[in-house]
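Structure file query-v9.cif with mmCIF, C-alpha atoms:
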data_run
#
loop_
_atom_site.label_atom_id
_atom_site.label_comp_id
_atom_site.auth_asym_id
_atom_site.auth_seq_id
_atom_site.Cartn_x
_atom_site.Cartn_y
_atom_site.Cartn_z
CA MET A 1 -3.50 -12.14 18.46
CA ALA A 2 -1.37 -12.72 15.40
CA LEU A 3 1.12 -10.42 13.75
CA ASN A 4 1.20 -10.97 9.99
CA TYR A 5 4.33 -10.40 7.96
CA GLU A 6 5.40 -10.44 4.33
CA VAL A 7 8.81 -11.34 2.96
CA LYS A 8 10.53 -8.42 1.22
CA LYS A 9 13.79 -8.24 -0.73
CA ARG A 10 16.12 -5.54 0.57
CA VAL A 11 19.40 -4.20 -0.78
CA PHE A 12 21.91 -3.51 1.97
CA GLY A 13 24.22 -0.76 0.74
CA PHE A 14 26.58 -0.77 3.68
CA ASP A 15 29.32 -2.33 1.59
CA LYS A 16 30.42 -2.24 -2.04
CA THR A 17 28.71 -5.54 -2.89
CA LYS A 18 25.16 -4.14 -2.37
CA THR A 19 24.08 -7.43 -0.81
CA GLU A 20 20.45 -8.47 -1.39
CA LYS A 21 18.69 -10.31 1.43
CA TYR A 22 15.15 -11.21 2.42
CA VAL A 23 13.53 -9.83 5.56
CA ALA A 24 10.18 -10.15 7.32
CA GLN A 25 8.13 -6.93 7.19
CA LEU A 26 5.03 -6.43 9.33
CA LYS A 27 1.77 -6.24 7.38
CA THR A 28 -0.96 -4.25 9.12
CA LEU A 29 -4.64 -4.76 8.46
CA GLY A 30 -5.30 -1.05 8.04
CA MET A 31 -5.76 2.09 10.11
CA VAL A 32 -8.25 2.61 12.96
CA GLU A 33 -9.39 6.21 12.56
CA PHE A 34 -9.81 8.53 15.56
CA GLY A 35 -13.62 8.54 15.37
CA ASP A 36 -13.76 4.74 15.23
CA LEU A 37 -11.39 4.54 18.19
CA CYS A 38 -13.68 6.88 20.17
CA ASP A 39 -16.65 4.65 19.31
CA GLU A 40 -14.80 1.52 20.48
CA VAL A 41 -13.71 3.16 23.75
CA THR A 42 -17.32 4.28 24.27
CA LYS A 43 -18.53 0.68 23.97
CA VAL A 44 -15.81 -0.80 26.18
CA GLY A 45 -15.61 1.99 28.76
CA MET A 46 -19.34 2.79 28.92
CA ALA A 47 -18.59 6.53 28.70
CA PRO A 48 -20.44 8.84 26.30
CA ARG A 49 -18.66 9.39 22.97
CA GLY A 50 -18.34 13.14 23.58
CA VAL A 51 -16.57 12.58 26.89
CA VAL A 52 -14.19 10.04 25.32
CA LYS A 53 -13.35 12.46 22.48
CA MET A 54 -12.87 15.34 24.92
CA VAL A 55 -10.49 13.31 27.12
CA LEU A 56 -8.47 11.99 24.15
CA ASP A 57 -8.23 15.48 22.61
CA GLY A 58 -7.05 16.83 25.97
CA LEU A 59 -4.49 14.03 26.24
CA ILE A 60 -3.13 14.75 22.76
CA ASP A 61 -2.90 18.49 23.48
CA THR A 62 -1.12 17.85 26.79
CA LEU A 63 1.31 15.39 25.18
CA ASN A 64 2.14 17.97 22.49
CA MET A 65 2.66 20.71 25.05
CA ASN A 66 4.98 18.69 27.30
CA ILE A 67 6.97 17.00 24.52
CA ASN A 68 7.51 20.42 22.86
CA LYS A 69 9.00 21.59 26.17
CA GLY A 70 11.41 18.63 26.08
CA PHE A 71 9.75 16.43 28.72
CA SER A 72 9.17 12.68 28.53
CA VAL A 73 5.56 11.80 29.33
CA GLN A 74 4.79 8.55 31.19
CA LEU A 75 1.21 7.30 30.79
CA GLY A 76 1.16 4.57 33.45
CA ASP A 77 0.99 1.03 32.04
CA PHE A 78 0.32 2.42 28.56
CA GLY A 79 3.91 3.56 27.98
CA CYS A 80 6.16 6.57 27.66
CA PHE A 81 6.44 9.24 24.94
CA ARG A 82 9.67 11.20 24.60
CA PRO A 83 11.16 13.60 22.07
CA GLY A 84 14.01 12.41 19.88
CA LEU A 85 16.03 13.45 16.85
CA ASN A 86 18.37 12.18 14.18
CA ALA A 87 21.45 14.14 13.15
CA LYS A 88 24.29 13.75 10.67
CA SER A 89 27.50 12.61 12.32
CA GLN A 90 30.46 14.98 12.26
CA ASP A 91 34.19 14.34 12.54
CA LYS A 92 34.74 17.12 15.08
CA GLU A 93 32.72 18.06 18.17
CA GLU A 94 32.60 21.73 17.19
CA ASP A 95 31.01 20.82 13.83
CA VAL A 96 27.89 19.44 15.54
CA LYS A 97 25.33 22.22 15.19
CA SER A 98 21.55 22.48 15.02
CA ASP A 99 21.63 22.37 11.21
CA THR A 100 23.03 18.81 11.37
CA VAL A 101 19.66 17.68 12.78
CA TYR A 102 17.62 16.31 9.89
CA ARG A 103 14.69 14.68 11.70
CA ARG A 104 12.67 15.39 14.82
CA LYS A 105 10.51 12.55 16.14
CA ILE A 106 8.47 11.23 19.03
CA ILE A 107 9.66 7.93 20.48
CA PHE A 108 7.11 5.66 22.15
CA THR A 109 8.27 2.99 24.58
CA PRO A 110 5.43 0.58 25.40
CA GLY A 111 4.55 -0.17 29.01
CA GLN A 112 4.66 -3.62 30.60
CA GLN A 113 1.13 -4.59 29.51
CA PHE A 114 1.92 -3.93 25.81
CA LYS A 115 5.27 -5.71 26.08
CA GLU A 116 3.58 -8.80 27.52
CA MET A 117 0.91 -8.71 24.80
CA LEU A 118 3.59 -8.64 22.09
CA THR A 119 5.46 -11.49 23.76
CA ARG A 120 2.29 -13.63 23.65
CA ALA A 121 1.41 -12.69 20.06
CA SER A 122 1.94 -15.31 17.39
CA VAL A 123 3.77 -14.40 14.18
CA THR A 124 2.24 -15.63 10.92
CA ARG A 125 3.43 -15.30 7.35
CA ALA A 126 0.72 -13.57 5.30
CA GLY A 127 -0.45 -15.30 2.12
CA TRP A 128 1.83 -18.31 2.53
CA ASP A 129 0.37 -21.72 1.64
CA ASN A 130 3.30 -23.74 2.96
CA SER A 131 3.64 -25.49 6.31
CA GLU A 132 4.64 -22.40 8.29
CA VAL A 133 1.61 -21.30 10.29
CA ALA A 134 2.93 -19.36 13.25
CA SER A 135 5.91 -18.92 15.49
CA GLY A 136 6.71 -17.10 18.67
CA GLY A 137 4.03 -16.61 21.29
CA GLY A 138 0.41 -17.59 21.08
CA SER A 139 -1.07 -21.05 21.02
CA ASN A 140 -0.07 -22.07 17.49
CA PRO A 141 3.65 -22.72 17.37
CA GLY A 142 4.58 -23.53 13.80
CA THR A 143 7.40 -24.90 11.77
CA GLY A 144 9.48 -23.28 9.11
CA GLY A 145 9.70 -24.37 5.51
CA ASN A 146 11.63 -27.45 4.45
CA GLY A 147 14.28 -25.48 2.56
CA GLU A 148 13.49 -26.91 -0.87
CA GLU A 149 13.96 -24.92 -4.07
CA GLU A 150 10.25 -24.67 -4.89
CA GLU A 151 9.64 -22.42 -1.88
CA ASN A 152 8.89 -18.87 -2.99
CA PRO A 153 10.93 -16.49 -0.78
CA LEU A 154 8.78 -13.52 -1.84
CA GLY A 155 5.51 -15.15 -0.75
#

Output the structure of this file as structure tokens.
Amino acid sequence: MALNYEVKKRVFGFDKTKTEKYVAQLKTLGMVEFGDLCDEVTKVGMAPRGVVKMVLDGLIDTLNMNINKGFSVQLGDFGCFRPGLNAKSQDKEEDVKSDTVYRRKIIFTPGQQFKEMLTRASVTRAGWDNSEVASGGGSNPGTGGNGEEEENPLG
């Protein structure tokens, strides 16, 4: 498995200089829709498509119900879902109120099997014709560029 990335220019506004730097950003191949996922599970798991859809729908409903109650939900080796939020910081403890919360979210922590898969995955720069092929896990360890001026940092 290879994870493809693009190089993107970012402005870091944490200081007055508004420093510009280049960062690697993951490039996905697209989205696997729910129906397609059900079809794939049907082929791999040898279960009828209707049963797969019914089980996945039930799982989603149960996740929603338990996360809305405030529980974390552990799905074995798959991983753990838990509720989370972001809030504006306040100078005083008494100023922290529910209206300082500006985002509610679900946090997923992958299980051991996913963590190992990511560790083994190679990392490849998308659309790059230079000598860098891959780095990290996988069977194709690569090299970086040679640092010359003709390298295009934007890919």

Using all atoms of segment 51-57 of chain A that appear in the file, construct an axis-aligned enclosing box with 8 Å of padding on every side and provide its centre coordinates and edge lengths in Å, rounded to one decimal, as JSON.
{"center_x": -12.4, "center_y": 12.8, "center_z": 24.8, "size_x": 24.3, "size_y": 21.4, "size_z": 20.6}

For this session: Point out the residue among A:Arg49, A:Leu85, A:Arg10, A:Met1 with the least atom-to-atom distance to Thr119 of chain A, counting all atoms listed in the file.
Result: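 Selected residue with least distance to Thr119 of chain A: A:Met1.
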
For this session: Apply the PyMOL selection byres ((chain A and resi 53-55) around 10) to the structure shown and report the selected residues as a PyMOL selection string.
Result: chain A and resi 34-35+37-39+41-42+48-52+56-61

Problem set entry | Selection near Ser89 of chain A, 10 Å with only C-alpha atoms, sequence-local residues under 6 positions removed, as a ChimeraX atom specification | /A:95-96,100-101

Exercise. What's the 7 Å shell around Tyr22 of chain A, counting all atoms listed in the file, without same-chain residues fewer than 6 positions away, as number ranges by chain?
Worked result: A: 7-10

Exercise. Taking (16.2, 14.5, 21.2) in the file's coordinates as the center, which residues reach within 9 Å of it, counting only C-alpha atoms, put as a ChimeraX atom specification?
Worked result: /A:70,82-86,104-106

Problem set entry | One-decimal distance in Å that lies between atom CA of Val32 of chain A and atom CA of Phe71 of chain A | 27.6 Å

Exercise. Nearest to Leu63 of chain A: which of A:Cys80, A:Met31, A:Leu3, A:Ala47 is it, counting only C-alpha atoms?
Worked result: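 Using only C-alpha atoms, the shortest distance to Leu63 of chain A belongs to A:Cys80.
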
For this session: Carefully work through the PyMOL selection byres ((chain A and resi 6) around 8) for this structure and note down the residues it includes, as a list in words.
Result: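 Selected by the PyMOL selection byres ((chain A and resi 6) around 8) in this file: Asn4, Tyr5, Val7, Lys8, Ala24, Gln25, Leu26, Lys27, Arg125, Ala126, Gly127, Leu154 and Gly155 of chain A.
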
Could the residues in this selection be saved with C-alpha atoms as a PDB file, in the frame of the given file?
ATOM      1  CA  ASN A   4       1.200 -10.970   9.990  1.00  0.00           C
ATOM      2  CA  TYR A   5       4.330 -10.400   7.960  1.00  0.00           C
ATOM      3  CA  VAL A   7       8.810 -11.340   2.960  1.00  0.00           C
ATOM      4  CA  LYS A   8      10.530  -8.420   1.220  1.00  0.00           C
ATOM      5  CA  ALA A  24      10.180 -10.150   7.320  1.00  0.00           C
ATOM      6  CA  GLN A  25       8.130  -6.930   7.190  1.00  0.00           C
ATOM      7  CA  LEU A  26       5.030  -6.430   9.330  1.00  0.00           C
ATOM      8  CA  LYS A  27       1.770  -6.240   7.380  1.00  0.00           C
ATOM      9  CA  ARG A 125       3.430 -15.300   7.350  1.00  0.00           C
ATOM     10  CA  ALA A 126       0.720 -13.570   5.300  1.00  0.00           C
ATOM     11  CA  GLY A 127      -0.450 -15.300   2.120  1.00  0.00           C
ATOM     12  CA  LEU A 154       8.780 -13.520  -1.840  1.00  0.00           C
ATOM     13  CA  GLY A 155       5.510 -15.150  -0.750  1.00  0.00           C
TER      14      GLY A 155
END

For this session: Identify, on the basis of only C-alpha atoms, every residue whose closest approach to Val11 of chain A does not exceed 6 Å; exclude the query and any residue fewer than 5 positions from it along the same chain; express the result as JSON, numbers by chain.
Result: {"A": [18, 19, 20]}

Problem set entry | For atom CA of Met65 of chain A and atom CA of Phe114 of chain A, the interatomic separation in Å (one decimal) |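 Distance between the two atoms: 24.7 Å.
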
For this session: Measure the distance from atom CA of Leu118 of chain A to atom CA of Val73 of chain A in Å and round it to one decimal.
Result: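 Interatomic distance here is 21.8 Å.
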
Problem set entry | Residue among A:Asn64, A:Lys115, A:Glu40, A:Tyr102 lying closest to Asp77 of chain A, counting only C-alpha atoms | A:Lys115
